[in-house]
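> Provided herewith: protein_0.cif, mmCIF, C-alpha atoms.
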```cif
data_data
#
loop_
_atom_site.label_atom_id
_atom_site.label_comp_id
_atom_site.auth_asym_id
_atom_site.auth_seq_id
_atom_site.Cartn_x
_atom_site.Cartn_y
_atom_site.Cartn_z
CA GLY A 26 -5.30 -35.08 -17.16
CA ALA A 27 -2.25 -34.29 -14.99
CA VAL A 28 -1.83 -30.70 -16.14
CA VAL A 29 0.54 -28.42 -14.28
CA SER A 30 0.68 -24.71 -14.94
CA GLN A 31 3.38 -22.23 -14.05
CA HIS A 32 3.37 -18.46 -13.96
CA PRO A 33 5.05 -16.35 -15.18
CA SER A 34 6.62 -18.07 -18.16
CA ARG A 35 9.33 -15.49 -18.44
CA VAL A 36 10.59 -12.77 -16.11
CA ILE A 37 13.38 -10.24 -16.26
CA CYS A 38 14.34 -8.45 -13.07
CA LYS A 39 17.04 -6.27 -11.64
CA SER A 40 19.71 -7.60 -9.33
CA GLY A 41 18.64 -7.43 -5.69
CA THR A 42 14.91 -7.77 -6.30
CA SER A 43 12.69 -10.74 -5.46
CA VAL A 44 10.70 -12.83 -7.89
CA LYS A 45 7.77 -15.13 -7.13
CA ILE A 46 6.93 -18.11 -9.34
CA GLU A 47 3.62 -19.96 -9.01
CA CYS A 48 3.03 -23.63 -9.75
CA ARG A 49 -0.48 -25.06 -9.92
CA SER A 50 -1.85 -28.54 -10.49
CA LEU A 51 -4.99 -27.92 -12.51
CA ASP A 52 -6.83 -31.22 -12.53
CA PHE A 53 -5.51 -33.15 -9.55
CA GLN A 54 -4.47 -32.60 -5.97
CA ALA A 55 -0.74 -32.77 -5.41
CA THR A 56 0.41 -33.45 -1.90
CA THR A 57 3.97 -33.16 -3.13
CA MET A 58 5.43 -30.68 -5.57
CA PHE A 59 9.02 -30.36 -6.67
CA TRP A 60 11.15 -27.48 -7.84
CA TYR A 61 13.96 -27.99 -10.34
CA ARG A 62 16.47 -25.69 -11.98
CA GLN A 63 18.08 -26.15 -15.38
CA PHE A 64 21.09 -24.17 -16.57
CA PRO A 65 21.88 -24.00 -20.30
CA LYS A 66 23.15 -27.28 -21.79
CA GLN A 67 22.67 -29.05 -18.46
CA SER A 68 20.07 -31.38 -17.05
CA LEU A 69 17.45 -30.65 -14.43
CA MET A 70 18.65 -30.46 -10.85
CA LEU A 71 16.25 -30.93 -7.96
CA MET A 72 16.20 -27.90 -5.68
CA ALA A 73 13.56 -28.79 -3.14
CA THR A 74 10.58 -30.94 -2.33
CA SER A 75 7.45 -29.16 -1.22
CA ASN A 76 4.75 -30.81 0.86
CA GLU A 77 1.39 -29.21 1.50
CA GLY A 78 1.21 -27.69 4.95
CA SER A 79 4.79 -28.36 5.96
CA LYS A 80 8.25 -26.94 5.42
CA ALA A 81 10.03 -27.71 2.20
CA THR A 82 13.00 -30.06 2.08
CA TYR A 83 15.98 -28.54 0.30
CA GLU A 84 18.72 -30.36 -1.57
CA GLN A 85 22.30 -29.94 -0.48
CA GLY A 86 23.75 -26.67 -1.67
CA VAL A 87 20.40 -24.93 -2.13
CA GLU A 88 19.94 -21.98 0.23
CA LYS A 89 16.56 -22.17 1.94
CA ASP A 90 16.65 -18.48 2.89
CA LYS A 91 17.23 -17.48 -0.71
CA PHE A 92 14.71 -19.80 -2.34
CA LEU A 93 11.53 -19.54 -0.27
CA ILE A 94 8.94 -22.21 -0.94
CA ASN A 95 5.35 -22.12 0.20
CA HIS A 96 2.90 -24.96 -0.43
CA ALA A 97 -0.28 -23.45 0.93
CA SER A 98 -2.79 -25.77 -0.70
CA LEU A 99 -2.99 -29.09 -2.51
CA THR A 100 -2.92 -27.31 -5.86
CA LEU A 101 -0.49 -24.43 -5.37
CA SER A 102 3.19 -24.10 -4.54
CA THR A 103 5.23 -20.93 -4.88
CA LEU A 104 8.96 -20.35 -5.19
CA THR A 105 10.32 -16.92 -4.31
CA VAL A 106 13.85 -16.09 -5.38
CA THR A 107 14.95 -13.44 -2.93
CA SER A 108 17.64 -10.84 -3.60
CA ALA A 109 18.19 -12.26 -7.06
CA HIS A 110 21.63 -12.11 -8.65
CA PRO A 111 22.71 -12.72 -12.25
CA GLU A 112 23.94 -16.22 -11.33
CA ASP A 113 20.34 -17.09 -10.40
CA SER A 114 19.36 -16.68 -14.04
CA SER A 115 18.05 -20.08 -15.07
CA PHE A 116 15.05 -22.12 -16.19
CA TYR A 117 12.96 -22.97 -13.13
CA ILE A 118 10.53 -25.84 -13.52
CA CYS A 119 8.05 -27.26 -11.06
CA SER A 120 6.49 -30.68 -11.09
CA ALA A 121 3.66 -32.33 -9.25
CA SER A 122 3.15 -35.94 -8.38
CA GLU A 123 -0.20 -37.70 -8.40
CA GLY A 124 1.14 -39.90 -5.66
CA GLN A 125 0.03 -43.38 -6.65
CA THR A 126 2.48 -43.96 -9.48
CA ASN A 127 5.30 -41.58 -8.54
CA GLU A 128 4.96 -40.07 -11.99
CA GLN A 129 5.83 -36.41 -12.01
CA PHE A 130 4.24 -33.98 -14.43
CA PHE A 131 6.08 -30.82 -15.21
CA GLY A 132 4.90 -27.27 -15.60
CA PRO A 133 5.99 -25.32 -18.68
CA GLY A 134 8.82 -23.64 -16.75
CA THR A 135 9.80 -20.07 -15.91
CA ARG A 136 12.80 -18.50 -17.56
CA LEU A 137 14.36 -16.04 -15.11
CA THR A 138 16.87 -13.45 -16.25
CA VAL A 139 18.50 -11.27 -13.61
CA LEU A 140 20.20 -8.16 -14.95
CA GLN B 2 25.51 -39.93 -4.29
CA LYS B 3 22.85 -40.79 -6.81
CA GLU B 4 24.03 -40.65 -10.42
CA VAL B 5 22.33 -41.28 -13.73
CA GLU B 6 24.51 -41.66 -16.80
CA GLN B 7 23.51 -41.18 -20.40
CA ASN B 8 25.46 -40.78 -23.63
CA SER B 9 24.97 -37.14 -24.57
CA GLY B 10 25.10 -37.86 -28.33
CA PRO B 11 24.07 -36.58 -30.71
CA LEU B 12 22.56 -39.86 -31.82
CA SER B 13 21.58 -39.69 -35.47
CA VAL B 14 18.99 -42.19 -36.76
CA PRO B 15 17.35 -42.33 -40.21
CA GLU B 16 13.61 -41.82 -40.40
CA GLY B 17 11.70 -45.08 -40.01
CA ALA B 18 14.52 -46.85 -38.15
CA ILE B 19 14.68 -47.82 -34.47
CA ALA B 20 16.30 -45.39 -32.07
CA SER B 21 17.90 -46.97 -29.00
CA LEU B 22 18.63 -44.87 -25.93
CA ASN B 23 20.45 -46.14 -22.88
CA CYS B 24 20.84 -45.13 -19.25
CA THR B 25 22.60 -46.50 -16.19
CA TYR B 26 22.03 -45.51 -12.58
CA SER B 27 24.11 -45.86 -9.43
CA ASP B 28 21.61 -46.21 -6.59
CA ARG B 29 20.43 -49.82 -6.23
CA GLY B 30 17.56 -48.61 -4.08
CA SER B 31 15.95 -46.85 -7.05
CA GLN B 32 12.39 -48.04 -7.54
CA SER B 33 10.86 -45.97 -10.31
CA PHE B 34 12.28 -45.14 -13.71
CA PHE B 35 11.14 -42.63 -16.28
CA TRP B 36 11.91 -41.37 -19.74
CA TYR B 37 11.15 -37.75 -20.54
CA ARG B 38 11.38 -35.93 -23.85
CA GLN B 39 12.51 -32.32 -23.84
CA TYR B 40 12.42 -30.00 -26.80
CA SER B 41 14.75 -27.02 -26.79
CA GLY B 42 13.50 -24.28 -24.48
CA LYS B 43 10.60 -26.39 -23.20
CA SER B 44 9.97 -28.40 -20.04
CA PRO B 45 10.19 -32.22 -19.98
CA GLU B 46 7.29 -34.33 -21.16
CA LEU B 47 6.74 -37.79 -19.68
CA ILE B 48 7.11 -40.53 -22.31
CA MET B 49 7.34 -43.75 -20.34
CA SER B 50 7.47 -45.02 -16.79
CA ILE B 51 8.67 -48.46 -15.72
CA TYR B 52 8.82 -50.03 -12.30
CA SER B 53 9.68 -53.73 -12.71
CA ASN B 54 12.22 -55.73 -14.67
CA GLY B 55 11.41 -56.47 -18.29
CA ASP B 56 9.82 -54.60 -21.14
CA LYS B 57 6.94 -52.16 -21.22
CA GLU B 58 5.46 -51.09 -24.53
CA ASP B 59 3.33 -48.06 -25.33
CA GLY B 60 2.73 -47.38 -28.99
CA ARG B 61 6.06 -46.84 -30.74
CA PHE B 62 7.93 -46.71 -27.44
CA THR B 63 9.35 -49.62 -25.43
CA ALA B 64 11.09 -49.16 -22.10
CA GLN B 65 13.34 -51.90 -20.76
CA LEU B 66 14.54 -52.25 -17.19
CA ASN B 67 17.24 -54.51 -15.76
CA LYS B 68 17.68 -53.80 -12.07
CA ALA B 69 20.51 -56.31 -11.67
CA SER B 70 22.55 -54.42 -14.26
CA GLN B 71 21.15 -51.03 -13.14
CA TYR B 72 20.23 -50.33 -16.72
CA VAL B 73 17.25 -48.70 -18.38
CA SER B 74 16.66 -48.27 -22.08
CA LEU B 75 14.14 -46.73 -24.44
CA LEU B 76 13.44 -47.96 -27.95
CA ILE B 77 11.59 -45.78 -30.43
CA ARG B 78 10.27 -47.67 -33.42
CA ASP B 79 9.46 -46.10 -36.80
CA SER B 80 11.34 -42.95 -35.80
CA GLN B 81 9.87 -39.68 -37.06
CA PRO B 82 11.55 -36.28 -37.49
CA SER B 83 9.25 -35.01 -34.73
CA ASP B 84 10.99 -37.43 -32.35
CA SER B 85 14.11 -35.28 -32.62
CA ALA B 86 14.66 -33.97 -29.09
CA THR B 87 16.69 -34.56 -25.95
CA TYR B 88 15.63 -37.66 -24.03
CA LEU B 89 16.12 -37.57 -20.29
CA CYS B 90 16.37 -40.65 -18.12
CA ALA B 91 15.19 -40.09 -14.55
CA VAL B 92 15.09 -42.31 -11.48
CA THR B 93 13.66 -42.02 -8.01
CA LEU B 94 13.64 -43.98 -4.80
CA GLY B 95 9.88 -43.65 -4.84
CA GLY B 96 7.37 -42.14 -2.48
CA ALA B 97 7.90 -38.40 -2.14
CA ASP B 98 11.44 -38.54 -3.49
CA GLY B 99 12.46 -36.15 -6.25
CA LEU B 100 13.82 -37.26 -9.59
CA THR B 101 17.51 -37.62 -10.39
CA PHE B 102 18.05 -36.89 -14.05
CA GLY B 103 20.74 -37.88 -16.48
CA LYS B 104 22.19 -35.21 -18.73
CA GLY B 105 20.11 -36.44 -21.62
CA THR B 106 20.75 -37.86 -25.07
CA HIS B 107 20.25 -35.57 -28.04
CA LEU B 108 18.43 -37.58 -30.71
CA ILE B 109 18.29 -36.47 -34.34
CA ILE B 110 15.99 -38.24 -36.78
CA GLN B 111 17.18 -37.65 -40.31
CA PRO B 112 14.43 -37.40 -42.98
#
```
Please express the file's structure as structure tokens.


Amino acid sequence: GAVVSQHPSRVICKSGTSVKIECRSLDFQATTMFWYRQFPKQSLMLMATSNEGSKATYEQGVEKDKFLINHASLTLSTLTVTSAHPEDSSFYICSASEGQTNEQFFGPGTRLTVL
Amino acid sequence: QKEVEQNSGPLSVPEGAIASLNCTYSDRGSQSFFWYRQYSGKSPELIMSIYSNGDKEDGRFTAQLNKASQYVSLLIRDSQPSDSATYLCAVTLGGADGLTFGKGTHLIIQP
């Protein structure tokens, strides 16, 4: 149980374009999903917390107009990187919480490369 | 500011021995504590969770929590080469709070 999928696994795009990443909880309903970013040789940094049916909460320093998050259902959250730049190149990972135990289960991640 | 500290390593342990990983955290309000394993290029995999002081055992893994000392540890018994990975300590205030991760300890199990 507690399987989280993410799509796409890898994406290469040109500078200035937008990229959408999907995160799905496959076998449970997740009222809360989280988006993290991991640069090479560094740990995961929380970007935002996504709650179904409400606006996402962004961490300090994360631009909400650049990283658009939509949590339309209890099993799907999307992250759109708008007007991507090379410095946005990173490993983006979502997680979902079952709620009762606060355990978070991670998707396989999306490696974004902006040329 | 919430901080989680880990020795980055690498920590080299012979196969079959006990690997000991340590973590300290700054926020005394932290309620939930986790150990994740991350292989290179992959996303983290949950190994252990612990919520109260003391030890929690699951197979070859034992997590230890000491809230007074703000200290969490992970012991891996009978270490296997497949245990070689980066181990991330993560803490949260609980509820709908996101995880604060340490930078991870790179563990190498030598055959």

> Atom CA of B:Ile51 and atom CA of A:Thr74 are how many Å apart?

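Separating atom CA of B:Ile51 from atom CA of A:Thr74 is a distance of 22.1 Å.
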
> Would you mind telling me which residue in B:Met49, B:Thr63, B:Asn23, B:Thr93 lies nearest to B:Gly10 when using only C-alpha atoms?

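The closest residue to B:Gly10 is B:Asn23.
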
> Determine the residue membership of the PyMOL selection byres ((chain B) within 8 of (chain A)) for the file above and supply it as a ChimeraX atom specification.

/B:33,35,43-47,50,95-105

> Those residues with C-alpha atoms, as a compact mmCIF listing (two decimals), keeping the file's coordinate frame please?


```
# COMPACT_ATOMS: atom_id res chain seq x y z
CA SER B 33 10.86 -45.97 -10.31
CA PHE B 35 11.14 -42.63 -16.28
CA LYS B 43 10.60 -26.39 -23.20
CA SER B 44 9.97 -28.40 -20.04
CA PRO B 45 10.19 -32.22 -19.98
CA GLU B 46 7.29 -34.33 -21.16
CA LEU B 47 6.74 -37.79 -19.68
CA SER B 50 7.47 -45.02 -16.79
CA GLY B 95 9.88 -43.65 -4.84
CA GLY B 96 7.37 -42.14 -2.48
CA ALA B 97 7.90 -38.40 -2.14
CA ASP B 98 11.44 -38.54 -3.49
CA GLY B 99 12.46 -36.15 -6.25
CA LEU B 100 13.82 -37.26 -9.59
CA THR B 101 17.51 -37.62 -10.39
CA PHE B 102 18.05 -36.89 -14.05
CA GLY B 103 20.74 -37.88 -16.48
CA LYS B 104 22.19 -35.21 -18.73
CA GLY B 105 20.11 -36.44 -21.62
```

> Rounded to one decimal in Å, what is the spacing between atom CA of A:Val44 and atom CA of A:Arg62?

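Atom CA of A:Arg62 lies at a distance of 14.7 Å from atom CA of A:Val44.
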
> Please compute the atom CA of A:Thr107-atom CA of A:Leu93 distance, one decimal, in Å.

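If I compute the distance from atom CA of A:Thr107 to atom CA of A:Leu93, I get 7.5 Å.
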
> Using all atoms listed in the file, can you tell me which of A:Asn95, A:Thr82, A:Ser34, A:Thr138 comes closest to A:Glu112?

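Checking each candidate against A:Glu112, we get A:Thr138 as the closest.
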
> For this file, the PyMOL selection byres ((chain A and resi 77) around 6) selects which residues, as a ChimeraX atom specification?

/A:56,76,78-79,96,98-99

> Take the selection from the previous step and output its residues with C-alpha atoms, as a PDB file, in the frame of the given file.


```pdb
ATOM      1  CA  THR A  56       0.410 -33.450  -1.900  1.00  0.00           C
ATOM      2  CA  ASN A  76       4.750 -30.810   0.860  1.00  0.00           C
ATOM      3  CA  GLY A  78       1.210 -27.690   4.950  1.00  0.00           C
ATOM      4  CA  SER A  79       4.790 -28.360   5.960  1.00  0.00           C
ATOM      5  CA  HIS A  96       2.900 -24.960  -0.430  1.00  0.00           C
ATOM      6  CA  SER A  98      -2.790 -25.770  -0.700  1.00  0.00           C
ATOM      7  CA  LEU A  99      -2.990 -29.090  -2.510  1.00  0.00           C
TER       8      LEU A  99
END
```

> Please return, as a PyMOL selection string, all polymer residues that have at least one atom within 10 Å of the point (15.3, -43.6, -19.6); use only C-alpha atoms and the file's own coordinate frame.

chain B and resi 5-7+22-26+34-38+48-51+64-66+72-76+88-92+102-103+105-106

> Store the residues picked out above in a file with C-alpha atoms, as a JSON list (two decimals), in the frame of the given file.


```
[["chain", "number", "residue", "atom", "x", "y", "z"],
["B", 5, "VAL", "CA", 22.33, -41.28, -13.73],
["B", 6, "GLU", "CA", 24.51, -41.66, -16.80],
["B", 7, "GLN", "CA", 23.51, -41.18, -20.40],
["B", 22, "LEU", "CA", 18.63, -44.87, -25.93],
["B", 23, "ASN", "CA", 20.45, -46.14, -22.88],
["B", 24, "CYS", "CA", 20.84, -45.13, -19.25],
["B", 25, "THR", "CA", 22.60, -46.50, -16.19],
["B", 26, "TYR", "CA", 22.03, -45.51, -12.58],
["B", 34, "PHE", "CA", 12.28, -45.14, -13.71],
["B", 35, "PHE", "CA", 11.14, -42.63, -16.28],
["B", 36, "TRP", "CA", 11.91, -41.37, -19.74],
["B", 37, "TYR", "CA", 11.15, -37.75, -20.54],
["B", 38, "ARG", "CA", 11.38, -35.93, -23.85],
["B", 48, "ILE", "CA", 7.11, -40.53, -22.31],
["B", 49, "MET", "CA", 7.34, -43.75, -20.34],
["B", 50, "SER", "CA", 7.47, -45.02, -16.79],
["B", 51, "ILE", "CA", 8.67, -48.46, -15.72],
["B", 64, "ALA", "CA", 11.09, -49.16, -22.10],
["B", 65, "GLN", "CA", 13.34, -51.90, -20.76],
["B", 66, "LEU", "CA", 14.54, -52.25, -17.19],
["B", 72, "TYR", "CA", 20.23, -50.33, -16.72],
["B", 73, "VAL", "CA", 17.25, -48.70, -18.38],
["B", 74, "SER", "CA", 16.66, -48.27, -22.08],
["B", 75, "LEU", "CA", 14.14, -46.73, -24.44],
["B", 76, "LEU", "CA", 13.44, -47.96, -27.95],
["B", 88, "TYR", "CA", 15.63, -37.66, -24.03],
["B", 89, "LEU", "CA", 16.12, -37.57, -20.29],
["B", 90, "CYS", "CA", 16.37, -40.65, -18.12],
["B", 91, "ALA", "CA", 15.19, -40.09, -14.55],
["B", 92, "VAL", "CA", 15.09, -42.31, -11.48],
["B", 102, "PHE", "CA", 18.05, -36.89, -14.05],
["B", 103, "GLY", "CA", 20.74, -37.88, -16.48],
["B", 105, "GLY", "CA", 20.11, -36.44, -21.62],
["B", 106, "THR", "CA", 20.75, -37.86, -25.07]]
```

> Decode the PyMOL selection byres ((chain B and resi 79) around 12) for the given file into explicit residues and return them as an MDAnalysis selection string.

chainID B and resid 14:21 60:63 76:78 80:84 110:112

> So for stretch 79-92 of chain A, what box centre and size do we get, axis-aligned, 3 Å extra on each of the six sides, every listed atom, Å to one decimal, as lines of an AutoDock Vina configuration file?


```
center_x = 14.3
center_y = -23.9
center_z = 1.8
size_x = 25.0
size_y = 18.9
size_z = 14.3
```

> Please determine, counting all atoms listed in the file, which residue among A:Arg49, A:Lys80, A:His32, A:Lys91 has the shortest atom-to-atom distance to A:Ala109.

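Of A:Arg49, A:Lys80, A:His32, A:Lys91, the one nearest A:Ala109, counting all atoms listed in the file, is A:Lys91.
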
> Considering only C-alpha atoms, state which residue in the set B:Gln71, B:Ser53, B:Thr87, B:Ser13 is at the smallest distance from B:Ile109.

B:Ser13

> Do you know which residues lie at most 8 Å from (22.8, -49.4, -8.7), with coordinates as in the file and only C-alpha atoms counted, and could you write them as a list of chain:residue names?

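I get B:Tyr26, B:Ser27, B:Asp28, B:Arg29, B:Gly30, B:Ser31, B:Lys68, B:Ala69, B:Ser70, B:Gln71 for the residues within 8 Å of that point.
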
> Next, dump the selected residues to file, keeping only C-alpha atoms, as a PDB file, in the coordinates of the input.


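And here's part.pdb as it stands now:
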```
ATOM      1  CA  TYR B  26      22.030 -45.510 -12.580  1.00  0.00           C
ATOM      2  CA  SER B  27      24.110 -45.860  -9.430  1.00  0.00           C
ATOM      3  CA  ASP B  28      21.610 -46.210  -6.590  1.00  0.00           C
ATOM      4  CA  ARG B  29      20.430 -49.820  -6.230  1.00  0.00           C
ATOM      5  CA  GLY B  30      17.560 -48.610  -4.080  1.00  0.00           C
ATOM      6  CA  SER B  31      15.950 -46.850  -7.050  1.00  0.00           C
ATOM      7  CA  LYS B  68      17.680 -53.800 -12.070  1.00  0.00           C
ATOM      8  CA  ALA B  69      20.510 -56.310 -11.670  1.00  0.00           C
ATOM      9  CA  SER B  70      22.550 -54.420 -14.260  1.00  0.00           C
ATOM     10  CA  GLN B  71      21.150 -51.030 -13.140  1.00  0.00           C
TER      11      GLN B  71
END
```

> Between A:Asp113, A:Cys38, A:Glu47, A:Leu101, which residue has the minimum interatomic distance to A:Val87, considering all atoms listed in the file?

A:Asp113

> Could I get stretch 76-86 of chain A from the block written as a PDB file, in the first residue's frame, with all heavy atoms?


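Produced file selection.pdb, reproduced below:
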```pdb
ATOM      1  N   ASN A  76      -3.158  21.194  -0.170  1.00  0.00           N
ATOM      2  CA  ASN A  76      -4.357  20.609   0.433  1.00  0.00           C
ATOM      3  C   ASN A  76      -5.489  20.576  -0.577  1.00  0.00           C
ATOM      4  O   ASN A  76      -5.714  21.559  -1.293  1.00  0.00           O
ATOM      5  CB  ASN A  76      -4.792  21.405   1.656  1.00  0.00           C
ATOM      6  CG  ASN A  76      -3.798  21.265   2.792  1.00  0.00           C
ATOM      7  OD1 ASN A  76      -3.610  20.184   3.335  1.00  0.00           O
ATOM      8  ND2 ASN A  76      -3.152  22.346   3.156  1.00  0.00           N
ATOM      9  N   GLU A  77      -6.180  19.468  -0.629  1.00  0.00           N
ATOM     10  CA  GLU A  77      -7.265  19.291  -1.588  1.00  0.00           C
ATOM     11  C   GLU A  77      -8.313  20.370  -1.426  1.00  0.00           C
ATOM     12  O   GLU A  77      -8.812  20.613  -0.323  1.00  0.00           O
ATOM     13  CB  GLU A  77      -7.880  17.894  -1.414  1.00  0.00           C
ATOM     14  CG  GLU A  77      -8.922  17.540  -2.450  1.00  0.00           C
ATOM     15  CD  GLU A  77     -10.330  17.818  -1.988  1.00  0.00           C
ATOM     16  OE1 GLU A  77     -10.558  17.893  -0.764  1.00  0.00           O
ATOM     17  OE2 GLU A  77     -11.211  17.962  -2.848  1.00  0.00           O
ATOM     18  N   GLY A  78      -8.602  21.046  -2.538  1.00  0.00           N
ATOM     19  CA  GLY A  78      -9.662  22.042  -2.539  1.00  0.00           C
ATOM     20  C   GLY A  78      -9.302  23.404  -2.002  1.00  0.00           C
ATOM     21  O   GLY A  78     -10.173  24.274  -1.912  1.00  0.00           O
ATOM     22  N   SER A  79      -8.057  23.611  -1.629  1.00  0.00           N
ATOM     23  CA  SER A  79      -7.665  24.926  -1.120  1.00  0.00           C
ATOM     24  C   SER A  79      -6.310  25.338  -1.699  1.00  0.00           C
ATOM     25  O   SER A  79      -5.635  24.543  -2.346  1.00  0.00           O
ATOM     26  CB  SER A  79      -7.612  24.923   0.406  1.00  0.00           C
ATOM     27  OG  SER A  79      -6.616  24.029   0.866  1.00  0.00           O
ATOM     28  N   LYS A  80      -5.953  26.584  -1.461  1.00  0.00           N
ATOM     29  CA  LYS A  80      -4.698  27.085  -2.010  1.00  0.00           C
ATOM     30  C   LYS A  80      -3.502  26.448  -1.298  1.00  0.00           C
ATOM     31  O   LYS A  80      -3.550  26.181  -0.104  1.00  0.00           O
ATOM     32  CB  LYS A  80      -4.632  28.603  -1.854  1.00  0.00           C
ATOM     33  CG  LYS A  80      -5.599  29.355  -2.742  1.00  0.00           C
ATOM     34  CD  LYS A  80      -5.416  30.860  -2.595  1.00  0.00           C
ATOM     35  CE  LYS A  80      -6.361  31.618  -3.521  1.00  0.00           C
ATOM     36  NZ  LYS A  80      -6.183  33.084  -3.396  1.00  0.00           N
ATOM     37  N   ALA A  81      -2.445  26.284  -2.052  1.00  0.00           N
ATOM     38  CA  ALA A  81      -1.236  25.696  -1.481  1.00  0.00           C
ATOM     39  C   ALA A  81      -0.534  26.692  -0.566  1.00  0.00           C
ATOM     40  O   ALA A  81      -0.667  27.907  -0.721  1.00  0.00           O
ATOM     41  CB  ALA A  81      -0.294  25.260  -2.597  1.00  0.00           C
ATOM     42  N   THR A  82       0.205  26.160   0.379  1.00  0.00           N
ATOM     43  CA  THR A  82       1.015  26.971   1.276  1.00  0.00           C
ATOM     44  C   THR A  82       2.463  26.837   0.854  1.00  0.00           C
ATOM     45  O   THR A  82       3.008  25.730   0.836  1.00  0.00           O
ATOM     46  CB  THR A  82       0.861  26.490   2.735  1.00  0.00           C
ATOM     47  OG1 THR A  82      -0.513  26.547   3.102  1.00  0.00           O
ATOM     48  CG2 THR A  82       1.680  27.378   3.668  1.00  0.00           C
ATOM     49  N   TYR A  83       3.096  27.955   0.533  1.00  0.00           N
ATOM     50  CA  TYR A  83       4.455  27.933   0.015  1.00  0.00           C
ATOM     51  C   TYR A  83       5.473  28.253   1.103  1.00  0.00           C
ATOM     52  O   TYR A  83       5.216  29.071   1.979  1.00  0.00           O
ATOM     53  CB  TYR A  83       4.593  28.939  -1.130  1.00  0.00           C
ATOM     54  CG  TYR A  83       3.826  28.550  -2.365  1.00  0.00           C
ATOM     55  CD1 TYR A  83       2.464  28.801  -2.483  1.00  0.00           C
ATOM     56  CD2 TYR A  83       4.474  27.906  -3.421  1.00  0.00           C
ATOM     57  CE1 TYR A  83       1.760  28.426  -3.613  1.00  0.00           C
ATOM     58  CE2 TYR A  83       3.784  27.536  -4.563  1.00  0.00           C
ATOM     59  CZ  TYR A  83       2.426  27.796  -4.648  1.00  0.00           C
ATOM     60  OH  TYR A  83       1.740  27.415  -5.771  1.00  0.00           O
ATOM     61  N   GLU A  84       6.621  27.629   1.008  1.00  0.00           N
ATOM     62  CA  GLU A  84       7.710  27.916   1.941  1.00  0.00           C
ATOM     63  C   GLU A  84       8.353  29.247   1.564  1.00  0.00           C
ATOM     64  O   GLU A  84       8.263  29.712   0.408  1.00  0.00           O
ATOM     65  CB  GLU A  84       8.740  26.797   1.912  1.00  0.00           C
ATOM     66  CG  GLU A  84       8.221  25.475   2.427  1.00  0.00           C
ATOM     67  CD  GLU A  84       7.774  25.545   3.874  1.00  0.00           C
ATOM     68  OE1 GLU A  84       8.613  25.842   4.764  1.00  0.00           O
ATOM     69  OE2 GLU A  84       6.571  25.307   4.135  1.00  0.00           O
ATOM     70  N   GLN A  85       9.011  29.825   2.537  1.00  0.00           N
ATOM     71  CA  GLN A  85       9.676  31.107   2.307  1.00  0.00           C
ATOM     72  C   GLN A  85      10.695  30.971   1.188  1.00  0.00           C
ATOM     73  O   GLN A  85      11.482  30.026   1.159  1.00  0.00           O
ATOM     74  CB  GLN A  85      10.370  31.547   3.608  1.00  0.00           C
ATOM     75  CG  GLN A  85      10.874  32.968   3.583  1.00  0.00           C
ATOM     76  CD  GLN A  85      11.390  33.406   4.943  1.00  0.00           C
ATOM     77  OE1 GLN A  85      11.521  32.601   5.864  1.00  0.00           O
ATOM     78  NE2 GLN A  85      11.691  34.682   5.082  1.00  0.00           N
ATOM     79  N   GLY A  86      10.654  31.934   0.268  1.00  0.00           N
ATOM     80  CA  GLY A  86      11.606  31.929  -0.825  1.00  0.00           C
ATOM     81  C   GLY A  86      11.130  31.199  -2.075  1.00  0.00           C
ATOM     82  O   GLY A  86      11.805  31.239  -3.104  1.00  0.00           O
TER      83      GLY A  86
END
```
